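Structure data (mmCIF, C-alpha atoms) from input.cif:
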```cif
data_final
loop_
_atom_site.label_atom_id
_atom_site.label_comp_id
_atom_site.auth_asym_id
_atom_site.auth_seq_id
_atom_site.Cartn_x
_atom_site.Cartn_y
_atom_site.Cartn_z
CA MET U 1472 30.63 -259.68 140.58
CA SER U 1473 33.53 -261.77 141.46
CA ALA U 1474 36.67 -262.64 139.41
CA PRO U 1475 37.10 -266.16 138.17
CA ALA U 1476 39.16 -268.31 140.51
CA GLY U 1477 41.88 -268.92 137.80
CA ALA U 1478 42.39 -265.17 137.17
CA MET U 1479 42.72 -264.56 140.93
CA SER U 1480 45.42 -267.20 141.18
CA ARG U 1481 47.41 -265.65 138.21
CA LEU U 1482 47.42 -262.12 139.68
CA PRO U 1483 50.36 -262.48 142.14
CA ALA U 1484 52.42 -264.06 139.38
CA ARG U 1485 51.72 -261.09 137.06
CA VAL U 1486 52.65 -258.65 139.85
CA ALA U 1487 55.87 -260.54 140.42
CA VAL U 1488 56.68 -260.46 136.70
CA ALA U 1489 55.93 -256.71 136.54
CA ARG U 1490 58.13 -256.10 139.59
CA TRP U 1491 60.94 -258.14 138.03
CA ARG U 1492 60.64 -256.14 134.78
CA ILE U 1493 60.76 -252.84 136.70
CA ALA U 1494 63.77 -254.00 138.68
CA ARG U 1495 65.49 -255.21 135.52
CA TRP U 1496 64.81 -251.88 133.80
CA ALA U 1497 66.17 -249.95 136.82
CA LEU U 1498 69.26 -252.18 136.89
CA ALA U 1499 69.83 -251.63 133.16
CA ARG U 1500 69.57 -247.88 133.67
CA TRP U 1501 72.08 -248.01 136.53
CA ILE U 1502 74.49 -250.11 134.48
CA GLY U 1503 74.09 -247.71 131.53
CA ALA U 1504 74.74 -244.69 133.73
CA LEU U 1505 77.76 -246.39 135.26
CA ALA U 1506 79.13 -247.28 131.81
CA ILE U 1507 78.69 -243.67 130.62
CA ALA U 1508 80.41 -242.38 133.77
CA ILE U 1509 83.35 -244.79 133.35
CA ALA U 1510 83.68 -243.89 129.65
CA GLY U 1511 83.62 -240.19 130.56
CA MET U 1512 86.29 -240.67 133.19
CA LEU U 1513 88.51 -242.63 130.79
CA LEU U 1514 88.06 -239.94 128.15
CA ALA U 1515 88.87 -237.22 130.68
CA ALA U 1516 91.94 -239.12 131.88
CA GLY U 1517 93.12 -239.48 128.29
CA THR U 1518 92.65 -235.76 127.65
CA LEU U 1519 94.48 -234.95 130.88
CA ARG U 1520 97.38 -237.19 129.89
CA ALA U 1521 97.65 -235.43 126.50
CA LEU U 1522 97.53 -232.03 128.22
CA SER U 1523 100.19 -233.11 130.69
CA ALA U 1524 102.55 -234.08 127.88
CA GLU U 1525 102.09 -230.62 126.35
CA GLN U 1526 102.55 -228.98 129.71
CA ILE U 1527 105.70 -230.99 130.36
CA GLU U 1528 107.13 -229.93 127.00
CA ALA U 1529 106.18 -226.30 127.62
CA ARG U 1530 107.95 -226.36 131.00
CA VAL U 1531 111.02 -228.07 129.53
CA LEU U 1532 111.20 -225.37 126.84
CA ALA U 1533 110.73 -222.55 129.36
CA ILE U 1534 113.39 -223.90 131.74
CA THR U 1535 115.96 -224.76 129.06
CA ASP U 1536 115.44 -221.32 127.48
CA GLY U 1537 116.79 -219.86 130.71
CA LEU U 1538 119.85 -222.15 130.79
CA ARG U 1539 123.06 -221.35 128.92
CA CYS U 1540 124.51 -223.99 126.60
CA PRO U 1541 127.80 -225.05 128.29
CA THR U 1542 129.70 -225.61 125.05
CA CYS U 1543 128.29 -222.85 122.81
CA GLN U 1544 128.66 -219.10 122.54
CA GLY U 1545 125.69 -217.14 123.83
CA ILE U 1546 122.82 -219.51 123.03
CA SER U 1547 120.42 -221.31 125.28
CA VAL U 1548 120.19 -225.03 125.95
CA LYS U 1549 116.78 -224.87 124.22
CA ASP U 1550 118.26 -223.59 120.95
CA SER U 1551 121.44 -225.69 120.96
CA GLU U 1552 121.96 -229.09 119.38
CA ALA U 1553 125.29 -229.67 121.18
CA GLY U 1554 125.60 -233.00 122.98
CA PHE U 1555 125.68 -231.46 126.46
CA SER U 1556 122.60 -229.34 125.68
CA GLN U 1557 120.68 -232.40 124.52
CA GLN U 1558 121.63 -234.20 127.74
CA ILE U 1559 120.58 -231.19 129.83
CA ARG U 1560 117.21 -231.06 128.02
CA GLU U 1561 116.66 -234.76 128.76
CA LYS U 1562 117.67 -234.26 132.41
CA VAL U 1563 115.24 -231.32 132.72
CA ARG U 1564 112.47 -233.43 131.17
CA ARG U 1565 113.13 -236.27 133.64
CA MET U 1566 113.13 -233.85 136.58
CA VAL U 1567 109.84 -232.27 135.41
CA ILE U 1568 108.24 -235.72 135.09
CA GLU U 1569 109.52 -236.60 138.59
CA GLY U 1570 107.50 -233.62 139.84
CA GLN U 1571 110.34 -231.24 140.70
CA SER U 1572 109.55 -227.54 140.59
CA ASP U 1573 111.15 -225.14 138.09
CA GLU U 1574 113.06 -223.54 140.96
CA ASP U 1575 114.41 -226.95 142.12
CA ILE U 1576 115.57 -227.77 138.60
CA ARG U 1577 117.31 -224.42 138.18
CA ALA U 1578 118.88 -224.82 141.64
CA TYR U 1579 120.27 -228.23 140.63
CA PHE U 1580 122.04 -226.78 137.58
CA VAL U 1581 123.27 -223.75 139.56
CA SER U 1582 124.73 -226.15 142.16
CA ARG U 1583 126.66 -227.91 139.37
CA TYR U 1584 127.58 -225.04 137.02
CA GLY U 1585 127.22 -221.95 139.20
CA GLU U 1586 125.16 -218.85 138.39
CA TRP U 1587 126.93 -218.86 135.02
CA ILE U 1588 124.42 -221.41 133.72
CA LEU U 1589 121.53 -218.93 134.13
CA ARG U 1590 121.08 -216.67 131.11
CA ALA U 1591 119.48 -213.96 133.25
CA PRO U 1592 120.97 -213.06 136.63
CA LYS U 1593 118.90 -213.83 139.72
CA LYS U 1594 116.81 -210.93 141.03
CA GLU U 1595 118.58 -210.98 144.40
CA GLY U 1596 121.94 -209.93 145.82
CA ILE U 1597 124.46 -208.74 143.23
CA GLY U 1598 122.12 -210.00 140.50
CA LEU U 1599 119.53 -207.43 141.59
CA VAL U 1600 122.12 -204.67 141.02
CA LEU U 1601 122.61 -205.96 137.47
CA TRP U 1602 118.86 -205.78 136.88
CA ILE U 1603 118.48 -202.29 138.36
CA LEU U 1604 121.69 -200.63 137.09
CA PRO U 1605 120.81 -200.23 133.37
CA GLY U 1606 117.37 -198.78 134.18
CA ALA U 1607 118.81 -196.50 136.85
CA ALA U 1608 121.55 -195.30 134.46
CA LEU U 1609 118.92 -194.56 131.78
CA LEU U 1610 116.78 -192.66 134.30
CA VAL U 1611 119.72 -190.58 135.53
CA ALA U 1612 120.90 -189.85 131.96
CA GLY U 1613 117.34 -188.96 130.88
CA GLY U 1614 116.93 -186.72 133.94
CA LEU U 1615 120.21 -184.94 133.17
CA VAL U 1616 119.21 -184.35 129.52
CA PHE U 1617 115.76 -183.08 130.60
CA TRP U 1618 117.34 -180.77 133.18
CA ARG U 1619 119.81 -179.35 130.63
CA ILE U 1620 117.06 -178.78 128.04
CA ARG U 1621 114.83 -177.02 130.57
CA ARG U 1622 117.70 -174.85 131.78
CA ALA U 1623 118.66 -173.93 128.24
CA GLY U 1624 115.00 -173.20 127.39
CA ARG U 1625 114.58 -170.94 130.44
CA GLY U 1626 117.85 -169.08 129.80
CA ARG U 1627 117.32 -168.15 126.13
CA PRO U 1628 114.23 -165.81 126.30
CA GLN U 1629 115.77 -163.95 129.22
CA ALA U 1630 118.95 -163.46 127.25
CA ASP U 1631 116.91 -162.31 124.21
CA ALA U 1632 114.88 -159.86 126.32
CA ALA U 1633 117.97 -158.49 127.95
CA ALA U 1634 119.74 -157.96 124.64
CA PRO U 1635 119.65 -154.22 123.67
CA GLU U 1636 118.19 -153.10 120.33
CA PRO U 1637 121.06 -152.36 117.97
CA GLU U 1638 121.51 -148.64 117.41
CA LEU U 1639 121.68 -147.56 113.73
CA SER U 1640 123.53 -144.52 112.57
CA PRO U 1641 121.80 -141.99 110.21
CA GLU U 1642 124.11 -143.24 107.40
CA GLN U 1643 123.03 -146.85 107.98
CA ARG U 1644 119.34 -145.85 108.02
CA ALA U 1645 119.78 -143.89 104.78
CA ARG U 1646 121.54 -146.87 103.18
CA ILE U 1647 118.73 -149.25 104.20
CA ALA U 1648 116.12 -146.84 102.77
CA ARG U 1649 118.12 -146.54 99.56
CA ASP U 1650 118.49 -150.31 99.17
CA LEU U 1651 114.84 -150.95 99.89
CA LYS U 1652 113.79 -148.35 97.29
CA ARG U 1653 116.11 -149.88 94.70
CA PHE U 1654 114.70 -153.31 95.48
CA GLU U 1655 111.10 -152.05 95.06
CA ASP U 1656 111.99 -150.30 91.77
CA GLU U 1657 113.56 -153.47 90.42
CA GLU U 1658 110.48 -155.46 91.41
CA LEU U 1659 108.13 -153.01 89.67
CA ALA U 1660 110.27 -153.00 86.57
CA MET A 623 138.65 -178.08 135.43
CA TRP A 624 139.98 -180.27 138.27
CA ARG A 625 137.37 -178.91 140.65
CA SER A 626 134.45 -179.32 138.23
CA TRP A 627 131.98 -181.99 139.30
CA LYS A 628 131.12 -182.58 135.61
CA PHE A 629 134.73 -183.46 134.87
CA TRP A 630 134.89 -185.97 137.73
CA THR A 631 131.49 -187.50 136.83
CA VAL A 632 132.66 -188.13 133.26
CA MET A 633 136.02 -189.46 134.49
CA VAL A 634 134.37 -191.88 136.93
CA ALA A 635 131.97 -193.13 134.22
CA ILE A 636 134.80 -193.62 131.71
CA SER A 637 137.01 -195.35 134.31
CA GLY A 638 134.18 -197.74 135.18
CA LEU A 639 133.69 -198.62 131.52
CA VAL A 640 137.43 -199.12 131.00
CA VAL A 641 137.63 -201.41 134.05
CA MET A 642 134.66 -203.48 132.83
CA LEU A 643 136.11 -203.74 129.31
CA ALA A 644 139.52 -204.74 130.67
CA TYR A 645 137.87 -207.38 132.87
CA GLY A 646 135.99 -208.71 129.83
CA PHE A 647 139.10 -208.77 127.64
CA PHE A 648 141.35 -210.47 130.16
CA THR A 649 138.84 -212.99 131.52
CA ASP A 650 138.31 -216.32 129.82
CA PRO A 651 134.52 -216.77 129.81
CA LYS A 652 135.02 -220.54 129.98
CA LYS A 653 137.15 -220.41 133.14
CA VAL A 654 134.20 -220.21 135.45
CA PRO A 655 134.97 -221.25 139.03
CA SER A 656 133.14 -224.50 139.69
CA PRO A 657 130.69 -224.38 142.61
CA LEU A 658 131.64 -228.01 143.26
CA VAL A 659 135.16 -227.13 144.47
CA GLY A 660 135.13 -227.42 148.27
CA HIS A 661 132.12 -229.76 148.12
CA MET A 662 131.83 -233.52 148.29
CA ALA A 663 132.32 -235.15 144.91
CA PRO A 664 129.02 -236.60 143.64
CA ASP A 665 129.13 -240.36 143.95
CA PHE A 666 128.76 -242.67 140.97
CA ALA A 667 129.17 -246.33 140.10
CA VAL A 668 130.61 -247.47 136.78
CA GLU A 669 131.79 -250.60 135.05
CA ARG A 670 135.25 -250.82 133.49
CA LEU A 671 135.28 -250.01 129.78
CA GLY A 672 134.53 -253.23 127.95
CA GLY A 673 133.02 -254.91 131.02
CA GLY A 674 134.37 -256.51 134.12
CA GLU A 675 135.38 -254.67 137.28
CA LYS A 676 132.83 -252.34 138.85
CA LEU A 677 133.83 -249.30 140.81
CA SER A 678 132.06 -246.66 142.86
CA LEU A 679 133.70 -243.41 143.89
CA GLY A 680 132.41 -243.88 147.44
CA SER A 681 134.37 -247.12 147.76
CA LEU A 682 137.62 -245.18 147.24
CA ARG A 683 137.20 -243.05 150.35
CA GLY A 684 140.60 -242.77 152.01
CA THR A 685 142.41 -242.60 148.66
CA PRO A 686 142.88 -239.38 146.67
CA VAL A 687 141.36 -239.59 143.19
CA ILE A 688 142.12 -237.84 139.92
CA LEU A 689 138.86 -237.98 137.98
CA ASN A 690 139.37 -237.18 134.33
CA PHE A 691 136.56 -236.69 131.79
CA TRP A 692 137.64 -237.37 128.23
CA ALA A 693 136.41 -238.55 124.84
CA SER A 694 137.96 -240.31 121.86
CA TRP A 695 136.85 -237.43 119.59
CA CYS A 696 138.50 -234.80 121.80
CA LEU A 697 141.80 -233.39 120.45
CA ALA A 698 142.94 -231.83 123.73
CA CYS A 699 142.49 -235.23 125.43
CA ARG A 700 145.38 -236.54 123.31
CA ASP A 701 147.68 -233.85 124.72
CA GLU A 702 147.13 -234.98 128.29
CA ALA A 703 146.83 -238.74 127.70
CA HIS A 704 150.52 -239.57 128.33
CA LEU A 705 150.68 -237.26 131.35
CA LEU A 706 147.72 -238.96 133.04
CA GLU A 707 149.18 -242.38 132.33
CA ALA A 708 152.57 -241.32 133.73
CA VAL A 709 150.95 -239.99 136.95
CA HIS A 710 148.94 -243.21 137.26
CA ARG A 711 152.06 -245.36 136.91
CA GLU A 712 154.13 -243.32 139.35
CA TYR A 713 151.57 -242.43 142.03
CA GLY A 714 148.88 -245.05 141.41
CA VAL A 715 150.85 -248.23 140.70
CA GLU A 716 154.28 -247.68 142.30
CA LYS A 717 153.44 -245.52 145.32
CA LYS A 718 149.79 -246.53 145.61
CA ALA A 719 149.09 -243.00 146.75
CA LEU A 720 146.13 -242.18 144.49
CA ARG A 721 143.73 -243.54 141.89
CA VAL A 722 143.25 -242.21 138.39
CA ILE A 723 139.82 -242.71 136.84
CA GLY A 724 138.87 -241.74 133.32
CA ILE A 725 135.23 -241.32 132.32
CA ALA A 726 134.54 -241.14 128.59
CA VAL A 727 131.60 -238.88 127.73
CA GLN A 728 129.40 -238.87 124.64
CA ASP A 729 131.42 -241.71 123.27
CA ASP A 730 130.98 -245.34 122.29
CA VAL A 731 132.78 -248.37 123.66
CA GLN A 732 134.71 -249.32 120.50
CA LYS A 733 136.07 -245.82 119.85
CA ALA A 734 136.91 -245.27 123.50
CA GLN A 735 138.73 -248.63 123.66
CA ALA A 736 140.65 -247.83 120.47
CA PHE A 737 141.72 -244.49 121.98
CA ALA A 738 142.78 -246.21 125.21
CA ARG A 739 144.85 -248.75 123.25
CA GLN A 740 146.45 -246.05 121.11
CA TYR A 741 147.58 -244.09 124.17
CA ARG A 742 148.30 -247.21 126.28
CA LYS A 743 146.02 -246.19 129.09
CA THR A 744 146.13 -248.69 131.91
CA TYR A 745 144.18 -246.81 134.59
CA PHE A 746 140.49 -247.42 135.26
CA LEU A 747 138.41 -246.26 132.31
CA ALA A 748 134.64 -246.24 132.07
CA LEU A 749 131.89 -244.79 129.91
CA ASP A 750 129.26 -242.33 131.06
CA ASN A 751 125.73 -243.34 130.10
CA ALA A 752 123.79 -241.86 127.17
CA GLN A 753 121.97 -239.48 129.51
CA GLY A 754 125.33 -238.09 130.66
CA GLU A 755 124.36 -238.53 134.30
CA ILE A 756 127.91 -238.34 135.67
CA SER A 757 128.92 -235.49 133.35
CA LEU A 758 125.90 -233.38 134.33
CA ASN A 759 126.37 -234.17 138.02
CA TYR A 760 129.91 -232.81 137.73
CA GLY A 761 128.76 -229.73 135.78
CA LEU A 762 130.92 -230.42 132.74
CA TYR A 763 131.43 -227.63 130.19
CA GLY A 764 133.28 -229.91 127.80
CA VAL A 765 136.22 -232.29 127.64
CA PRO A 766 138.79 -232.66 128.93
CA GLU A 767 138.03 -231.65 132.50
CA THR A 768 139.71 -233.08 135.57
CA PHE A 769 138.71 -233.09 139.22
CA PHE A 770 141.22 -233.57 142.02
CA ILE A 771 139.36 -235.29 144.85
CA ASP A 772 141.02 -235.66 148.25
CA ARG A 773 140.92 -238.73 150.50
CA GLU A 774 137.83 -237.35 152.30
CA GLY A 775 135.96 -237.21 149.00
CA MET A 776 136.10 -233.43 148.66
CA ILE A 777 136.83 -231.77 145.31
CA ARG A 778 140.00 -229.73 145.84
CA TYR A 779 140.63 -228.47 142.33
CA LYS A 780 139.07 -228.52 138.87
CA GLN A 781 141.05 -228.21 135.67
CA ILE A 782 139.15 -227.10 132.57
CA GLY A 783 141.04 -228.08 129.44
CA ALA A 784 144.07 -230.31 129.02
CA LEU A 785 146.24 -231.08 132.03
CA THR A 786 149.77 -229.75 131.96
CA PRO A 787 152.90 -230.89 133.85
CA ALA A 788 152.71 -227.62 135.84
CA VAL A 789 149.16 -228.40 137.02
CA MET A 790 150.13 -231.94 137.95
CA GLU A 791 153.26 -230.78 139.82
CA ALA A 792 151.19 -228.30 141.78
CA GLN A 793 148.12 -230.41 142.51
CA VAL A 794 149.29 -234.02 142.94
CA PRO A 795 151.59 -233.45 145.96
CA ARG A 796 148.90 -231.29 147.61
CA LEU A 797 146.32 -234.01 147.01
CA ILE A 798 148.52 -236.76 148.44
CA ALA A 799 149.61 -234.65 151.41
CA GLY A 800 146.00 -233.61 152.06
CA VAL A 801 146.97 -229.92 152.04
CA GLY A 802 143.98 -227.68 152.54
CA SER A 803 141.60 -230.53 153.29
CA GLY A 804 138.71 -229.32 155.33
CA LYS A 805 135.11 -230.07 156.02
CA ALA A 806 133.33 -230.50 152.71
CA LYS A 807 129.75 -229.54 152.03
CA GLU A 808 127.42 -231.86 150.16
CA PRO A 809 126.41 -230.49 146.76
CA LYS A 810 122.72 -229.54 146.70
#
```
Go ahead and render the structure in this file as structure tokens.
Amino acid sequence: MSAPAGAMSRLPARVAVARWRIARWALARWIGALAIAIAGMLLAAGTLRALSAEQIEARVLAITDGLRCPTCQGISVKDSEAGFSQQIREKVRRMVIEGQSDEDIRAYFVSRYGEWILRAPKKEGIGLVLWILPGAALLVAGGLVFWRIRRAGRGRPQADAAAPEPELSPEQRARIARDLKRFEDEELA
Amino acid sequence: MWRSWKFWTVMVAISGLVVMLAYGFFTDPKKVPSPLVGHMAPDFAVERLGGGEKLSLGSLRGTPVILNFWASWCLACRDEAHLLEAVHREYGVEKKALRVIGIAVQDDVQKAQAFARQYRKTYFLALDNAQGEISLNYGLYGVPETFFIDREGMIRYKQIGALTPAVMEAQVPRLIAGVGSGKAKEPK
């Protein structure tokens, strides 16, 4: 059995067409995968950008909460609507966007306004004393109160035990007996 | 009683509290010493109020500068306006011994110009930008504030609040004579 001559001559052409279709299908799959990857990356980049904006705002709020409003009484730059506070907030935002660290930003304002601009003293040098002193004073005061209470508690039973029983005279005993009897009689009546 | 340690502990504690209270009562919380005093004045470049001449602080090296921050809405700035102008005319124009520069903060051009006309200010006036870059760089607490900058560019003195004749009499001759000028540190 042999194939007709025409069919034999069409076979390489069919193989070539099949190969082309396979290649085309593979190419389409690659392009599809690439498109999905690019879309995913764009989506991720968009999400990251949105997150960054939130993070920037969170950092601006945290930093300005620690800075004292220069023109107000006892409120932070974060909570103040004074002109200087608004300008400081904008400056902090610009510095955050520029990539400066929180410490760098605080250092900039300290270099311009002094430690005064910080609402909480630094935990170093004299500032450390300010952090420790209230706690230490509380501890010492608490210790003193505890010591006094313990001393008073220890002293009282000893004093009670040492106290002599009061001696009653026969007249006093007779009076107590008489009063008790009268009390009982009144109760019964 | 005088030998009791309890007595002395209480006395020391009370004395400490009294000292702290006295310090609080007699200290103006706004008179905070500026960390910029003794440091190089931050440089800036501005354009004259209403346009025209441009000026940078760096270009004035070799000349003492009185740098005044003011605003048209500031009441205390009115009190010192004539004094600044008088110092400018005497030491800036006649003796050419110093420059007076006024930077308006949180202000607009029209109001600042009207204020300058009302008080006949002839010294160099400019406007800080909306971001307050110059004001923040100089650590301003409010207006008016004035910096006395020596010929080397170092801040020698800072006045918070309106200038007075006594301040001018004390600071201007020192600034011109270069008294106390030393090596300045750059602000961080």
Enumerate, in order of chain and increasing residue number, the residues of chain U with an atom no farther than 8 Å from chain A, each with its shortest atom pair and distance in Å to one decimal, counting all atoms listed in the file, as a Markdown table.
```
| residue | atom | partner | partner_atom | distance |
| --- | --- | --- | --- | --- |
| U:Pro1541 | CA | A:Tyr763 | CA | 4.8 |
| U:Thr1542 | CA | A:Tyr763 | CA | 5.8 |
| U:Gly1554 | CA | A:Gln728 | CA | 7.2 |
| U:Phe1555 | CA | A:Tyr763 | CA | 7.9 |
| U:Gln1558 | CA | A:Gln753 | CA | 5.6 |
| U:Ile1559 | CA | A:Leu758 | CA | 7.3 |
| U:Glu1561 | CA | A:Gln753 | CA | 7.1 |
| U:Lys1562 | CA | A:Gln753 | CA | 7.4 |
| U:Ala1578 | CA | A:Lys810 | CA | 7.9 |
| U:Tyr1579 | CA | A:Lys810 | CA | 6.7 |
| U:Phe1580 | CA | A:Gly761 | CA | 7.6 |
| U:Ser1582 | CA | A:Lys810 | CA | 6.0 |
| U:Arg1583 | CA | A:Gly761 | CA | 4.5 |
| U:Tyr1584 | CA | A:Gly761 | CA | 5.0 |
| U:Gly1585 | CA | A:Pro657 | CA | 5.4 |
| U:Trp1587 | CA | A:Val654 | CA | 7.4 |
```
Margin query: Between atom CA of U:Val1548 and atom CA of A:Phe647, what distance in Å does the model show, to one decimal?
Written below: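 The value is 25.0 Å.
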Next item on the list: For a cut-off of 10 Å around (148.6, -242.3, 144.0), file coordinates, pick out all residues using all atoms listed in the file and list them as a list in words.
Entry: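 All residues meeting the 10 Å criterion around (148.6, -242.3, 144.0) are Thr685, Pro686, Val687, Ile688, Val709, His710, Arg711, Glu712, Tyr713, Gly714, Val715, Glu716, Lys717, Lys718, Ala719, Leu720, Arg721, Val722, Val794, Pro795, Leu797 and Ile798 of chain A.
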Mind telling me what the PyMOL selection byres ((chain A and resi 749) around 7) catches here, as a compact mmCIF listing (two decimals) with C-alpha atoms, in the frame of the given file?
```
# COMPACT_ATOMS: atom_id res chain seq x y z
CA LEU A 671 135.28 -250.01 129.78
CA ILE A 725 135.23 -241.32 132.32
CA ALA A 726 134.54 -241.14 128.59
CA VAL A 727 131.60 -238.88 127.73
CA ALA A 748 134.64 -246.24 132.07
CA ASP A 750 129.26 -242.33 131.06
CA ASN A 751 125.73 -243.34 130.10
```
Check: To one decimal place, how far is atom CA of U:Glu1528 from atom CA of U:Ala1510 in Å?
Finding: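 Rounded to one decimal, the two atoms are 27.4 Å apart.
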Draw an axis-aligned box tight on the listed atoms of stretch 712-718 of chain A, then pad every side by 3 Å and write out centre and edge lengths in Å to one decimal as AutoDock Vina command-line options.
```
--center_x 151.6 --center_y -245.3 --center_z 142.5 --size_x 11.4 --size_y 11.8 --size_z 12.3
```
Next item on the list: Identify all residues satisfying the PyMOL selection byres ((chain A and resi 732) around 12) in the given file; provide them as a PyMOL selection string.
Entry: chain A and resi 671-672+693-694+726+729-731+733-739+748-749
Next item on the list: Find, counting all atoms listed in the file, the residue in A:Val668, A:Met776, A:Val640, A:Met633 that gets nearest to A:Gly800.
Entry: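 The answer is A:Met776, which sits nearest to A:Gly800.
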Notebook entry, point to check: Excluding same-chain residues fewer than 4 positions from U:Arg1530, what lies within 10 Å of it counting all atoms listed in the file, as a PyMOL selection string?
Noted result: chain U and resi 1524-1526+1534-1536+1563-1564+1567+1572-1573
Note to self: Please report the interatomic distance between atom CA of A:Asp772 and atom CA of A:Ile756 in Å with one decimal.
What the structure shows: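 About the pair atom CA of A:Asp772 and atom CA of A:Ile756: they are 18.4 Å apart.
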